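Student: Structure file entry-v6.cif (mmCIF, C-alpha atoms) is given on the next line.
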data_coords
loop_
_atom_site.label_atom_id
_atom_site.label_comp_id
_atom_site.auth_asym_id
_atom_site.auth_seq_id
_atom_site.Cartn_x
_atom_site.Cartn_y
_atom_site.Cartn_z
CA MET A 7 78.47 18.65 -59.55
CA VAL A 8 78.66 14.91 -60.05
CA GLY A 9 76.98 12.72 -57.48
CA PRO A 10 75.32 9.33 -57.22
CA LYS A 11 72.70 8.66 -59.87
CA SER A 12 69.13 9.54 -58.99
CA PRO A 13 66.59 6.69 -58.79
CA ARG A 14 65.19 7.67 -62.18
CA ARG A 15 68.65 7.66 -63.78
CA ARG A 16 69.48 4.30 -62.19
CA TRP A 17 66.24 2.85 -63.57
CA ALA A 18 66.89 4.33 -67.02
CA ALA A 19 70.37 2.79 -66.99
CA GLY A 20 68.92 -0.61 -66.18
CA GLU A 21 70.64 -0.77 -62.79
CA VAL A 22 67.44 -1.19 -60.79
CA ALA A 23 64.07 -2.71 -61.60
CA LEU A 24 60.98 -0.51 -61.63
CA SER A 25 59.35 -2.91 -59.17
CA ASP A 26 62.27 -2.38 -56.78
CA MET A 27 61.92 1.40 -57.06
CA ASN A 28 58.16 1.34 -56.55
CA PRO A 29 57.10 -1.16 -53.89
CA ASP A 30 53.37 -1.56 -53.33
CA PRO A 31 52.52 0.19 -50.04
CA ALA A 32 49.64 -2.20 -49.46
CA ASP A 33 52.10 -5.10 -49.47
CA LEU A 34 54.46 -3.25 -47.15
CA LEU A 35 51.80 -2.30 -44.62
CA ALA A 36 49.37 -5.21 -44.72
CA PRO A 37 50.82 -6.96 -41.64
CA ARG A 38 50.82 -3.71 -39.66
CA SER A 39 47.26 -2.94 -40.69
CA ARG A 40 46.00 -6.30 -39.45
CA ALA A 41 47.84 -6.02 -36.15
CA ASN A 42 47.01 -2.42 -35.30
CA LYS A 43 44.02 -0.40 -36.44
CA PHE A 44 45.33 2.87 -35.03
CA LEU A 45 46.20 5.37 -37.78
CA PRO A 46 49.09 7.66 -36.77
CA VAL A 47 49.37 11.15 -38.22
CA ALA A 48 52.79 10.23 -39.66
CA ALA A 49 55.07 7.21 -39.98
CA PRO A 50 58.45 6.66 -41.64
CA MET A 51 58.72 4.43 -44.70
CA LEU A 52 62.04 2.54 -44.75
CA ILE A 53 61.57 0.69 -48.02
CA GLY A 54 65.00 0.77 -49.65
CA ASN A 55 68.62 0.20 -48.71
CA GLU A 56 68.43 1.63 -45.18
CA LYS A 57 69.27 -1.61 -43.38
CA LYS A 58 71.89 -2.66 -45.92
CA TYR A 59 73.72 0.67 -45.71
CA VAL A 60 73.58 0.86 -41.91
CA LEU A 61 75.01 -2.67 -41.61
CA ASP A 62 77.72 -1.78 -44.10
CA CYS A 63 78.52 1.30 -42.05
CA LEU A 64 78.75 -0.81 -38.88
CA ASP A 65 80.97 -3.34 -40.61
CA SER A 66 83.32 -0.57 -41.70
CA THR A 67 83.59 0.61 -38.04
CA TRP A 68 83.38 4.24 -39.26
CA ILE A 69 80.23 5.32 -37.44
CA SER A 70 81.03 8.92 -36.55
CA SER A 71 80.96 11.98 -38.83
CA GLY A 72 82.89 12.48 -42.04
CA GLY A 73 82.68 8.98 -43.49
CA THR A 74 81.85 7.80 -46.99
CA TYR A 75 78.10 7.69 -46.37
CA THR A 76 78.14 11.30 -45.21
CA GLU A 77 79.88 12.29 -48.44
CA ARG A 78 77.50 10.23 -50.59
CA PHE A 79 74.39 11.54 -48.81
CA GLU A 80 75.49 15.15 -49.20
CA ALA A 81 76.27 14.66 -52.90
CA ALA A 82 72.98 12.89 -53.57
CA PHE A 83 70.92 15.51 -51.73
CA ALA A 84 72.69 18.37 -53.52
CA GLU A 85 71.79 16.72 -56.83
CA PHE A 86 68.22 16.22 -55.65
CA CYS A 87 67.85 19.93 -54.85
CA GLY A 88 69.76 21.11 -57.93
CA VAL A 89 72.48 22.95 -55.99
CA GLN A 90 76.26 22.77 -55.76
CA HIS A 91 76.81 22.36 -52.02
CA ALA A 92 75.11 20.35 -49.27
CA ILE A 93 76.39 20.14 -45.70
CA SER A 94 74.80 17.64 -43.33
CA CYS A 95 74.23 18.35 -39.65
CA SER A 96 72.55 16.99 -36.56
CA ASN A 97 69.01 18.35 -37.07
CA GLY A 98 66.95 20.95 -38.88
CA THR A 99 67.21 23.56 -36.13
CA ALA A 100 71.00 23.27 -36.19
CA ALA A 101 70.83 23.73 -39.98
CA LEU A 102 68.93 27.00 -39.54
CA HIS A 103 71.35 28.21 -36.88
CA LEU A 104 74.35 27.43 -39.09
CA ALA A 105 72.81 29.16 -42.10
CA LEU A 106 72.05 32.33 -40.14
CA MET A 107 75.50 32.38 -38.54
CA ALA A 108 77.13 31.95 -41.95
CA LEU A 109 75.14 34.96 -43.18
CA GLY A 110 76.45 37.10 -40.31
CA VAL A 111 73.28 37.45 -38.24
CA GLY A 112 74.10 38.82 -34.80
CA ASP A 113 73.20 41.11 -31.93
CA GLY A 114 70.83 43.92 -32.81
CA ASP A 115 69.72 42.43 -36.14
CA GLU A 116 66.13 41.69 -37.08
CA VAL A 117 65.10 38.76 -39.24
CA ILE A 118 61.57 38.50 -40.64
CA VAL A 119 59.99 35.06 -40.17
CA PRO A 120 56.43 33.77 -40.59
CA ALA A 121 54.25 33.87 -37.51
CA LEU A 122 52.66 30.56 -38.56
CA THR A 123 55.38 27.92 -38.43
CA PHE A 124 57.13 25.62 -35.99
CA VAL A 125 58.96 27.54 -33.27
CA ALA A 126 62.42 26.38 -34.43
CA THR A 127 62.40 29.04 -37.14
CA ALA A 128 62.27 31.84 -34.58
CA ASN A 129 64.49 30.03 -32.09
CA ALA A 130 67.37 29.87 -34.56
CA VAL A 131 67.20 33.65 -35.02
CA THR A 132 67.24 34.09 -31.24
CA TYR A 133 70.29 31.80 -30.91
CA CYS A 134 72.21 34.38 -32.97
CA GLY A 135 71.28 37.22 -30.62
CA ALA A 136 68.91 38.68 -33.19
CA ARG A 137 65.18 39.43 -32.98
CA PRO A 138 62.56 37.54 -35.00
CA VAL A 139 59.92 39.82 -36.53
CA PHE A 140 56.68 38.05 -37.41
CA ALA A 141 54.88 38.31 -40.76
CA ASP A 142 51.29 37.26 -41.39
CA SER A 143 50.14 34.41 -43.62
CA ASP A 144 48.58 34.22 -47.05
CA ALA A 145 44.99 33.06 -46.62
CA GLU A 146 45.17 30.40 -49.34
CA THR A 147 48.67 28.89 -49.16
CA TRP A 148 49.21 29.63 -45.43
CA THR A 149 52.81 30.64 -46.22
CA MET A 150 54.17 34.10 -45.37
CA ASP A 151 52.43 37.04 -47.06
CA PRO A 152 54.99 39.00 -49.13
CA ARG A 153 53.06 42.23 -48.63
CA ASP A 154 53.28 41.91 -44.88
CA VAL A 155 56.96 41.01 -45.14
CA GLU A 156 57.65 44.33 -46.81
CA ALA A 157 55.59 46.15 -44.20
CA LYS A 158 57.81 44.68 -41.46
CA VAL A 159 61.17 45.80 -42.92
CA THR A 160 63.08 48.28 -40.76
CA ALA A 161 66.57 49.74 -40.73
CA ARG A 162 67.66 46.78 -38.58
CA THR A 163 66.32 44.07 -40.86
CA LYS A 164 69.10 41.74 -41.99
CA GLY A 165 67.14 39.13 -43.91
CA ILE A 166 64.08 36.95 -44.37
CA VAL A 167 63.52 33.31 -43.43
CA VAL A 168 60.74 31.92 -45.61
CA VAL A 169 59.07 28.63 -44.64
CA HIS A 170 57.56 26.32 -47.25
CA LEU A 171 54.77 25.45 -44.85
CA TYR A 172 53.51 21.86 -44.75
CA GLY A 173 55.12 21.28 -48.14
CA HIS A 174 53.66 24.21 -50.12
CA PRO A 175 56.34 26.62 -51.40
CA ALA A 176 56.06 30.29 -50.54
CA ASP A 177 55.75 32.91 -53.28
CA MET A 178 59.48 33.19 -53.81
CA ASP A 179 59.47 35.73 -56.66
CA ALA A 180 57.53 38.21 -54.55
CA ILE A 181 59.68 37.59 -51.48
CA ARG A 182 62.95 37.82 -53.40
CA SER A 183 61.71 41.08 -54.91
CA VAL A 184 61.23 42.51 -51.40
CA ALA A 185 64.67 41.24 -50.41
CA HIS A 186 66.32 42.78 -53.48
CA ARG A 187 64.73 46.19 -52.88
CA HIS A 188 66.02 46.28 -49.32
CA GLY A 189 69.34 44.44 -49.67
CA LEU A 190 68.28 41.45 -47.56
CA PHE A 191 69.27 37.77 -47.65
CA VAL A 192 66.68 35.02 -48.11
CA VAL A 193 66.90 31.72 -46.25
CA GLU A 194 64.52 28.93 -47.25
CA ASP A 195 63.36 26.85 -44.29
CA ALA A 196 62.42 23.78 -46.32
CA ALA A 197 62.21 21.38 -43.38
CA GLU A 198 58.71 20.33 -44.46
CA ALA A 199 59.09 20.52 -48.22
CA HIS A 200 61.56 17.97 -49.60
CA GLY A 201 61.00 17.90 -53.34
CA ALA A 202 58.44 20.70 -53.55
CA THR A 203 58.79 22.94 -56.60
CA TYR A 204 58.27 26.61 -57.37
CA ARG A 205 57.77 27.42 -61.05
CA GLY A 206 59.52 24.19 -61.94
CA ARG A 207 62.52 24.56 -59.61
CA ARG A 208 63.07 22.53 -56.48
CA VAL A 209 62.89 24.35 -53.17
CA GLY A 210 66.34 24.67 -51.69
CA SER A 211 67.64 26.27 -54.89
CA LEU A 212 65.66 29.51 -54.65
CA GLY A 213 67.32 31.57 -51.91
CA ASP A 214 70.81 32.42 -50.74
CA VAL A 215 70.82 29.28 -48.62
CA ALA A 216 68.26 26.66 -47.58
CA THR A 217 67.82 24.23 -44.72
CA PHE A 218 66.12 20.86 -44.36
CA SER A 219 65.10 18.56 -41.52
CA PHE A 220 65.14 14.75 -41.56
CA TYR A 221 63.17 14.21 -38.36
CA GLY A 222 61.21 10.94 -38.16
CA ASN A 223 57.95 12.39 -39.51
CA LYS A 224 59.46 14.17 -42.52
CA ILE A 225 59.06 13.17 -46.19
CA MET A 226 62.58 11.75 -46.09
CA THR A 227 63.94 10.85 -42.69
CA THR A 228 67.11 9.86 -40.91
CA GLY A 229 65.46 9.80 -37.46
CA GLU A 230 67.17 13.07 -36.60
CA GLY A 231 69.27 15.10 -39.00
CA GLY A 232 69.48 18.24 -41.08
CA MET A 233 71.06 19.69 -44.20
CA VAL A 234 72.19 23.13 -45.37
CA VAL A 235 72.27 23.63 -49.15
CA THR A 236 73.55 26.53 -51.24
CA ASP A 237 75.14 27.51 -54.53
CA ASP A 238 77.47 29.95 -52.75
CA PRO A 239 80.81 28.24 -52.03
CA ALA A 240 81.76 30.80 -49.37
CA ILE A 241 78.55 30.12 -47.43
CA GLY A 242 79.03 26.39 -47.84
CA ASP A 243 82.59 26.52 -46.53
CA LYS A 244 81.58 28.64 -43.57
CA VAL A 245 78.70 26.33 -42.65
CA ARG A 246 80.97 23.29 -42.80
CA GLU A 247 83.59 24.93 -40.59
CA LEU A 248 81.02 26.21 -38.08
CA SER A 249 79.44 22.75 -37.77
CA GLY A 250 82.76 21.15 -36.78
CA HIS A 251 84.11 23.55 -34.12
CA TRP A 252 85.83 25.57 -36.89
CA MET A 253 88.94 23.40 -36.66
CA TYR A 254 91.48 24.04 -39.41
CA GLN A 255 92.06 20.79 -41.28
CA LYS A 256 95.72 21.69 -41.98
CA LEU A 257 96.35 22.47 -38.32
CA PRO A 258 94.56 19.93 -36.12
CA TYR A 259 92.93 21.23 -32.94
CA TRP A 260 93.68 24.87 -33.81
CA VAL A 261 90.36 26.71 -33.33
CA PRO A 262 90.37 30.40 -34.31
CA ILE A 263 86.72 31.19 -33.41
CA VAL A 264 83.87 29.59 -31.45
CA GLY A 265 82.16 26.94 -33.54
CA TYR A 266 79.58 24.23 -32.89
CA ASN A 267 79.41 20.46 -32.81
CA TYR A 268 76.50 20.02 -35.21
CA ARG A 269 77.84 17.21 -37.39
CA MET A 270 75.84 14.23 -38.67
CA THR A 271 77.03 10.69 -38.00
CA ASP A 272 77.79 8.30 -40.84
CA ILE A 273 75.10 5.89 -39.61
CA THR A 274 72.52 8.67 -39.91
CA ALA A 275 73.82 9.56 -43.37
CA ALA A 276 73.56 5.91 -44.45
CA ILE A 277 69.81 6.02 -43.74
CA GLY A 278 69.57 9.37 -45.53
CA LEU A 279 71.25 8.08 -48.68
CA ALA A 280 68.78 5.20 -48.87
CA GLN A 281 65.90 7.65 -48.46
CA VAL A 282 67.12 9.95 -51.23
CA GLU A 283 67.36 6.97 -53.56
CA GLN A 284 63.60 6.48 -53.09
CA ALA A 285 62.69 10.19 -53.11
CA GLU A 286 60.53 10.07 -56.23
CA TRP A 287 58.52 7.18 -54.78
CA HIS A 288 57.93 9.05 -51.52
CA LEU A 289 56.79 12.17 -53.35
CA ARG A 290 54.54 10.29 -55.78
CA ARG A 291 52.85 8.40 -52.95
CA ARG A 292 52.20 11.57 -50.93
CA PHE A 293 50.70 13.28 -53.96
CA GLU A 294 48.42 10.29 -54.44
CA VAL A 295 47.34 10.38 -50.78
CA ALA A 296 46.56 14.10 -51.11
CA ALA A 297 44.53 13.47 -54.28
CA TRP A 298 42.47 10.86 -52.41
CA TYR A 299 41.78 13.35 -49.63
CA ARG A 300 40.60 15.95 -52.13
CA GLU A 301 38.31 13.41 -53.79
CA GLU A 302 36.84 12.22 -50.50
CA LEU A 303 36.26 15.80 -49.27
CA ARG A 304 34.86 17.13 -52.54
CA GLY A 305 31.69 19.07 -51.79
CA ILE A 306 32.46 19.37 -48.06
CA THR A 307 32.45 23.15 -47.83
CA TRP A 308 33.22 23.33 -44.12
CA ALA A 309 36.65 21.63 -44.44
CA GLN A 310 38.80 23.65 -46.84
CA PRO A 311 42.16 22.12 -47.80
CA GLN A 312 45.33 24.20 -47.90
CA ALA A 313 45.52 25.52 -51.46
CA GLU A 314 47.92 24.38 -54.14
CA LYS A 315 48.75 27.26 -56.48
CA ASP A 316 49.30 26.60 -60.19
CA TRP A 317 52.91 27.81 -59.81
CA ALA A 318 53.58 25.37 -56.99
CA GLY A 319 54.39 21.70 -56.70
CA HIS A 320 53.10 20.85 -53.22
CA ALA A 321 55.19 18.12 -51.54
CA TYR A 322 52.40 17.31 -49.05
CA TRP A 323 54.43 16.79 -45.94
CA MET A 324 51.02 17.05 -44.29
CA PHE A 325 47.51 17.37 -45.68
CA ASN A 326 45.60 20.03 -43.75
CA VAL A 327 42.05 21.34 -43.70
CA LEU A 328 40.66 24.57 -42.30
CA LEU A 329 37.38 24.09 -40.45
CA ALA A 330 34.79 26.74 -41.21
CA ASP A 331 33.42 28.94 -38.45
CA GLU A 332 30.00 27.26 -38.73
CA VAL A 333 31.38 23.88 -37.63
CA PRO A 334 29.68 23.40 -34.23
CA LEU A 335 32.60 21.63 -32.57
CA LYS A 336 35.78 23.35 -31.53
CA ARG A 337 38.85 22.26 -33.46
CA ASP A 338 40.33 20.47 -30.44
CA ASP A 339 37.05 18.63 -29.90
CA VAL A 340 37.22 17.36 -33.49
CA ILE A 341 40.76 16.13 -32.86
CA ALA A 342 39.62 14.37 -29.67
CA ALA A 343 36.66 12.75 -31.44
CA LEU A 344 38.91 11.36 -34.18
CA ARG A 345 41.39 10.12 -31.61
CA ALA A 346 38.59 8.18 -29.93
CA GLN A 347 38.07 6.42 -33.27
CA GLY A 348 41.74 5.46 -33.53
CA ILE A 349 42.78 8.27 -35.86
CA GLU A 350 45.57 10.63 -34.82
CA THR A 351 45.38 14.20 -36.10
CA ARG A 352 47.16 17.34 -35.00
CA PRO A 353 46.37 21.03 -34.65
CA VAL A 354 48.10 23.40 -37.02
CA PHE A 355 51.11 25.11 -35.42
CA TYR A 356 50.49 27.81 -32.83
CA PRO A 357 51.51 31.24 -34.15
CA ILE A 358 54.91 31.88 -32.62
CA HIS A 359 53.96 35.31 -31.27
CA LEU A 360 51.44 33.60 -28.96
CA LEU A 361 54.02 31.28 -27.39
CA PRO A 362 55.43 32.37 -24.00
CA PRO A 363 59.03 33.05 -25.17
CA TYR A 364 57.80 35.41 -27.90
CA ARG A 365 54.57 36.78 -26.46
CA GLY A 366 54.47 40.50 -27.00
CA ASP A 367 56.92 40.41 -29.90
CA GLY A 368 54.12 40.61 -32.46
CA ASP A 369 50.93 42.64 -32.53
CA PRO A 370 48.00 40.20 -32.91
CA ALA A 371 46.14 42.90 -34.81
CA ASP A 372 48.83 42.61 -37.51
CA LEU A 373 48.62 38.80 -37.75
CA PRO A 374 44.92 37.91 -38.13
CA THR A 375 45.27 35.32 -40.88
CA ALA A 376 47.92 33.32 -39.03
CA GLU A 377 45.77 33.30 -35.89
CA ARG A 378 42.64 32.19 -37.75
CA ILE A 379 44.41 29.32 -39.54
CA ALA A 380 46.01 28.21 -36.28
CA ALA A 381 42.68 28.24 -34.46
CA ARG A 382 40.75 26.22 -37.08
CA GLY A 383 43.39 24.14 -38.90
CA VAL A 384 43.64 20.35 -38.59
CA THR A 385 46.46 18.14 -39.85
CA LEU A 386 45.20 14.79 -41.14
CA PRO A 387 47.28 11.59 -41.32
CA THR A 388 49.74 11.99 -44.19
CA TRP A 389 52.46 9.51 -45.06
CA ALA A 390 53.50 7.41 -48.00
CA GLY A 391 52.13 4.12 -46.68
CA LEU A 392 48.47 5.13 -46.41
CA THR A 393 45.97 3.28 -48.57
CA ARG A 394 42.80 4.57 -50.21
CA ASP A 395 40.77 2.78 -47.52
CA ASP A 396 42.78 4.56 -44.80
CA VAL A 397 42.05 7.96 -46.34
CA ARG A 398 38.38 7.12 -46.79
CA ARG A 399 38.18 6.07 -43.13
CA VAL A 400 39.73 9.36 -41.99
CA CYS A 401 37.35 11.46 -44.10
CA THR A 402 34.26 9.44 -43.16
CA SER A 403 35.14 9.74 -39.48
CA LEU A 404 35.74 13.49 -39.83
CA ILE A 405 32.39 14.02 -41.51
CA ASP A 406 30.56 11.84 -38.97
CA CYS A 407 32.02 13.60 -35.93
CA VAL A 408 31.09 17.05 -37.25
CA ARG A 409 27.51 16.19 -38.20
#
Can the structure from this file be put into structure tokens for me?
Tutor:
Amino acid sequence: MVGPKSPRRRWAAGEVALSDMNPDPADLLAPRSRANKFLPVAAPMLIGNEKKYVLDCLDSTWISSGGTYTERFEAAFAEFCGVQHAISCSNGTAALHLALMALGVGDGDEVIVPALTFVATANAVTYCGARPVFADSDAETWTMDPRDVEAKVTARTKGIVVVHLYGHPADMDAIRSVAHRHGLFVVEDAAEAHGATYRGRRVGSLGDVATFSFYGNKIMTTGEGGMVVTDDPAIGDKVRELSGHWMYQKLPYWVPIVGYNYRMTDITAAIGLAQVEQAEWHLRRRFEVAAWYREELRGITWAQPQAEKDWAGHAYWMFNVLLADEVPLKRDDVIAALRAQGIETRPVFYPIHLLPPYRGDGDPADLPTAERIAARGVTLPTWAGLTRDDVRRVCTSLIDCVR
């Protein structure tokens, strides 16, 4: 498909200066750093055309869904992922719901999801009347374990939702092999993994359909927003119809089935387009932040970072460490100690089978790795505007509070 030029192509064509594509984060954040020493766990970076496009959208008076910025954002994001179709929507959870509905998930079906992820993954399955079945995690990447996925397949299994957790892609070849043997679909929940790669291919292009979130803490953000991407035109058409009440365009207000109002506004899409234009900058900066963390924590055996496999291009939505059992403080005490020093961190997600709506749906004996990571994992501040001094401060404070 033909869409707006990527930032790299615009630079190569001489349409934008390299300095405009790659602002210095220290220059951008210096005033904030002087005014406020608190380090949040995440913060958006609005460094491009966000304001310009939003003002243009306001001037046009087309601020609802279906405007030119929606079309441009969808085309640009499809190009970014390397797929043919992208359909914007109101948030990442809506994107998951739409994808599952388009794949025919319904009452009595089972869908295998990772136990260790944000609850939205399981909620979207439940919205369809189906049952989420929880798979354990790989000990190194923290993503779903393909061996446990296969062990959880039953006669009712309809498909698999794989999550590229914290920006690290799951082992897609192994998971697709399980899906092929059992005739299952594969949905990529790539909410946390904009731009991550698996064996050289961008996530979003590896399953039957994929979903993204643009919440305020994501690699690229629109404040709230989501996207469904696919190479299957039938799925793309169905998602688009479902997201707009399934109204026939040739027969206004004629609605043959129950649909949803999950559309994205043009103002939201205007911000998204500006973010996609700077995607390579965002990804490069996050990789640099992660490299600084690894350097600062080298030799610290009690804080083990989430792995990055040689077949993976980690997008580093968040940089996480797993505290060893010998660390004397509880994980939550470490988080509290860092907070007292003006550094916000977060616990790793609770395993979904331990949350009240899903308690009893998974046997804890079958999910030991997910439970261990959740009990000892800490998310450190990770965003594109952090400086080397910020990362050093986080690591020094972490080491000091554990000693």
Student: One decimal, in Å: what's the spacing between atom CA of Ile225 of chain A and atom CA of Val282 of chain A?
Tutor: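 Separating atom CA of Ile225 of chain A from atom CA of Val282 of chain A is a distance of 10.0 Å.
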Student: Using all atoms listed in the file for the distances, tell me which of A:Thr228, A:Asn223, A:Ser143, A:Thr149 is nearest to Arg378 of chain A.
Tutor: A:Ser143
Student: Taking all atoms listed in the file into account, which of A:Val89, A:Ala84, A:Ala126, A:Leu404 comes nearest Ala342 of chain A?
Tutor: A:Leu404
Student: Interatomic distance between atom CA of Arg153 of chain A and atom CA of Arg337 of chain A?
Tutor: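 Calculated distance between atom CA of Arg153 of chain A and atom CA of Arg337 of chain A is 28.8 Å.
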Student: Using only C-alpha atoms, can you tell me which of A:Cys87, A:Val264, A:Leu360, A:Ala330 comes closest to Ser211 of chain A?
Tutor: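 Comparing A:Cys87, A:Val264, A:Leu360, A:Ala330 against Ser211 of chain A, the winner is A:Cys87.
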Student: Enumerate, as a list in words, the residues matched when the PyMOL selection byres ((chain A and resi 95-100) around 8) is run on the file above.
Tutor: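 Those residues are Ile93, Ser94, Ala101, Leu102, His103, Leu104, Ala126, Thr127, Ala130, Ala197, Thr217, Phe218, Ser219, Phe220, Tyr221, Glu230, Gly231, Gly232, Met233, Val234, Ser249, Tyr268, Arg269, Met270 and Thr271 of chain A.
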Student: Residues of the last selection are to be written out with C-alpha atoms, as a compact mmCIF listing (two decimals), keeping the file's coordinate frame.
Tutor:
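Contents of result_28.txt, as written:
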# COMPACT_ATOMS: atom_id res chain seq x y z
CA ILE A 93 76.39 20.14 -45.70
CA SER A 94 74.80 17.64 -43.33
CA ALA A 101 70.83 23.73 -39.98
CA LEU A 102 68.93 27.00 -39.54
CA HIS A 103 71.35 28.21 -36.88
CA LEU A 104 74.35 27.43 -39.09
CA ALA A 126 62.42 26.38 -34.43
CA THR A 127 62.40 29.04 -37.14
CA ALA A 130 67.37 29.87 -34.56
CA ALA A 197 62.21 21.38 -43.38
CA THR A 217 67.82 24.23 -44.72
CA PHE A 218 66.12 20.86 -44.36
CA SER A 219 65.10 18.56 -41.52
CA PHE A 220 65.14 14.75 -41.56
CA TYR A 221 63.17 14.21 -38.36
CA GLU A 230 67.17 13.07 -36.60
CA GLY A 231 69.27 15.10 -39.00
CA GLY A 232 69.48 18.24 -41.08
CA MET A 233 71.06 19.69 -44.20
CA VAL A 234 72.19 23.13 -45.37
CA SER A 249 79.44 22.75 -37.77
CA TYR A 268 76.50 20.02 -35.21
CA ARG A 269 77.84 17.21 -37.39
CA MET A 270 75.84 14.23 -38.67
CA THR A 271 77.03 10.69 -38.00
Student: Could you list, as a count of residues only, every residue matched by the PyMOL selection byres ((chain A and resi 390-402) around 7) in this structure?
Tutor: 18
Student: Could you check the closest approach to Pro353 of chain A for each of A:Leu386, A:Val333, A:Ala145, A:Ile273 and tell me which residue wins, using all atoms listed in the file?
Tutor: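 Nearest candidate to Pro353 of chain A out of A:Leu386, A:Val333, A:Ala145, A:Ile273: A:Leu386.
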Student: Tell me, in Å to one decimal, how far atom CA of Leu329 of chain A is from atom CA of Glu377 of chain A.
Tutor: 13.3 Å
Student: Using all atoms listed in the file, which residues sit within 6 Å of Thr385 of chain A once same-chain residues fewer than 2 positions away are excluded, as a PDB file with C-alpha atoms, in the coordinates of the input?
Tutor:
ATOM      1  CA  PHE A 325      47.510  17.370 -45.680  1.00  0.00           C
ATOM      2  CA  ASN A 326      45.600  20.030 -43.750  1.00  0.00           C
ATOM      3  CA  THR A 351      45.380  14.200 -36.100  1.00  0.00           C
ATOM      4  CA  ARG A 352      47.160  17.340 -35.000  1.00  0.00           C
ATOM      5  CA  PRO A 353      46.370  21.030 -34.650  1.00  0.00           C
TER       6      PRO A 353
END
Student: Take every atom of segment 64-80 of chain A listed in the file, fit an axis-aligned box around them, add 3 Å per side, and give the centre and edge lengths in Å to one decimal as AutoDock Vina command-line options.
Tutor:
--center_x 79.0 --center_y 5.9 --center_z -43.6 --size_x 15.2 --size_y 24.5 --size_z 20.0
Student: So what does the PyMOL selection byres ((chain A and resi 106-121) around 6) actually pick up in this one, as a CSV table (one decimal) with C-alpha atoms, keeping the file's coordinate frame?
Tutor:
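Output below, filename result_5.csv:
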chain,number,residue,atom,x,y,z
A,103,HIS,CA,71.4,28.2,-36.9
A,104,LEU,CA,74.4,27.4,-39.1
A,105,ALA,CA,72.8,29.2,-42.1
A,122,LEU,CA,52.7,30.6,-38.6
A,134,CYS,CA,72.2,34.4,-33.0
A,135,GLY,CA,71.3,37.2,-30.6
A,136,ALA,CA,68.9,38.7,-33.2
A,137,ARG,CA,65.2,39.4,-33.0
A,138,PRO,CA,62.6,37.5,-35.0
A,139,VAL,CA,59.9,39.8,-36.5
A,140,PHE,CA,56.7,38.0,-37.4
A,141,ALA,CA,54.9,38.3,-40.8
A,142,ASP,CA,51.3,37.3,-41.4
A,150,MET,CA,54.2,34.1,-45.4
A,162,ARG,CA,67.7,46.8,-38.6
A,163,THR,CA,66.3,44.1,-40.9
A,164,LYS,CA,69.1,41.7,-42.0
A,165,GLY,CA,67.1,39.1,-43.9
A,166,ILE,CA,64.1,37.0,-44.4
A,167,VAL,CA,63.5,33.3,-43.4
A,241,ILE,CA,78.6,30.1,-47.4
A,244,LYS,CA,81.6,28.6,-43.6
A,245,VAL,CA,78.7,26.3,-42.6
A,357,PRO,CA,51.5,31.2,-34.2
A,358,ILE,CA,54.9,31.9,-32.6
Student: For Ile341 of chain A, which of A:Val384, A:Ala276, A:Ile306, A:Leu328 is the closest residue, counting all atoms listed in the file?
Tutor: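 Using all atoms listed in the file, the shortest distance to Ile341 of chain A belongs to A:Val384.
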Student: Identify the residues within 7 Å of coordinate (58.7, 28.0, -51.9) (same frame as the file), considering all atoms listed in the file, and give the answer as an NGL selection string.
Tutor: :A and (170 or 174-178 or 203-204 or 209)
Student: Write the residues you've just listed into a file as a compact mmCIF listing (two decimals), keeping the file's coordinate frame, and include C-alpha atoms for each of them.
Tutor:
# COMPACT_ATOMS: atom_id res chain seq x y z
CA HIS A 170 57.56 26.32 -47.25
CA HIS A 174 53.66 24.21 -50.12
CA PRO A 175 56.34 26.62 -51.40
CA ALA A 176 56.06 30.29 -50.54
CA ASP A 177 55.75 32.91 -53.28
CA MET A 178 59.48 33.19 -53.81
CA THR A 203 58.79 22.94 -56.60
CA TYR A 204 58.27 26.61 -57.37
CA VAL A 209 62.89 24.35 -53.17
Student: So which residues fall inside 12 Å of (38.8, 3.7, -33.3) if we count all atoms listed in the file? Mind giving them as a list in words?
Tutor: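 Using all atoms listed in the file, the matching residues come out as Asn42, Lys43, Phe44, Leu45, Pro46, Ala342, Ala343, Leu344, Arg345, Ala346, Gln347, Gly348, Ile349, Glu350, Arg399, Val400 and Ser403 of chain A.
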Student: Which of these, A:His359, A:Lys336, A:Lys224, A:His186, has the shortest distance to Gly278 of chain A once you count only C-alpha atoms?
Tutor: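 Selected residue with least distance to Gly278 of chain A: A:Lys224.
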Student: Show me, as a ChimeraX atom specification, the residues that have an atom within 9 Å of Phe355 of chain A when counting all atoms listed in the file, minus same-chain residues fewer than 4 positions from it.
Tutor: /A:122-125,379-380,383
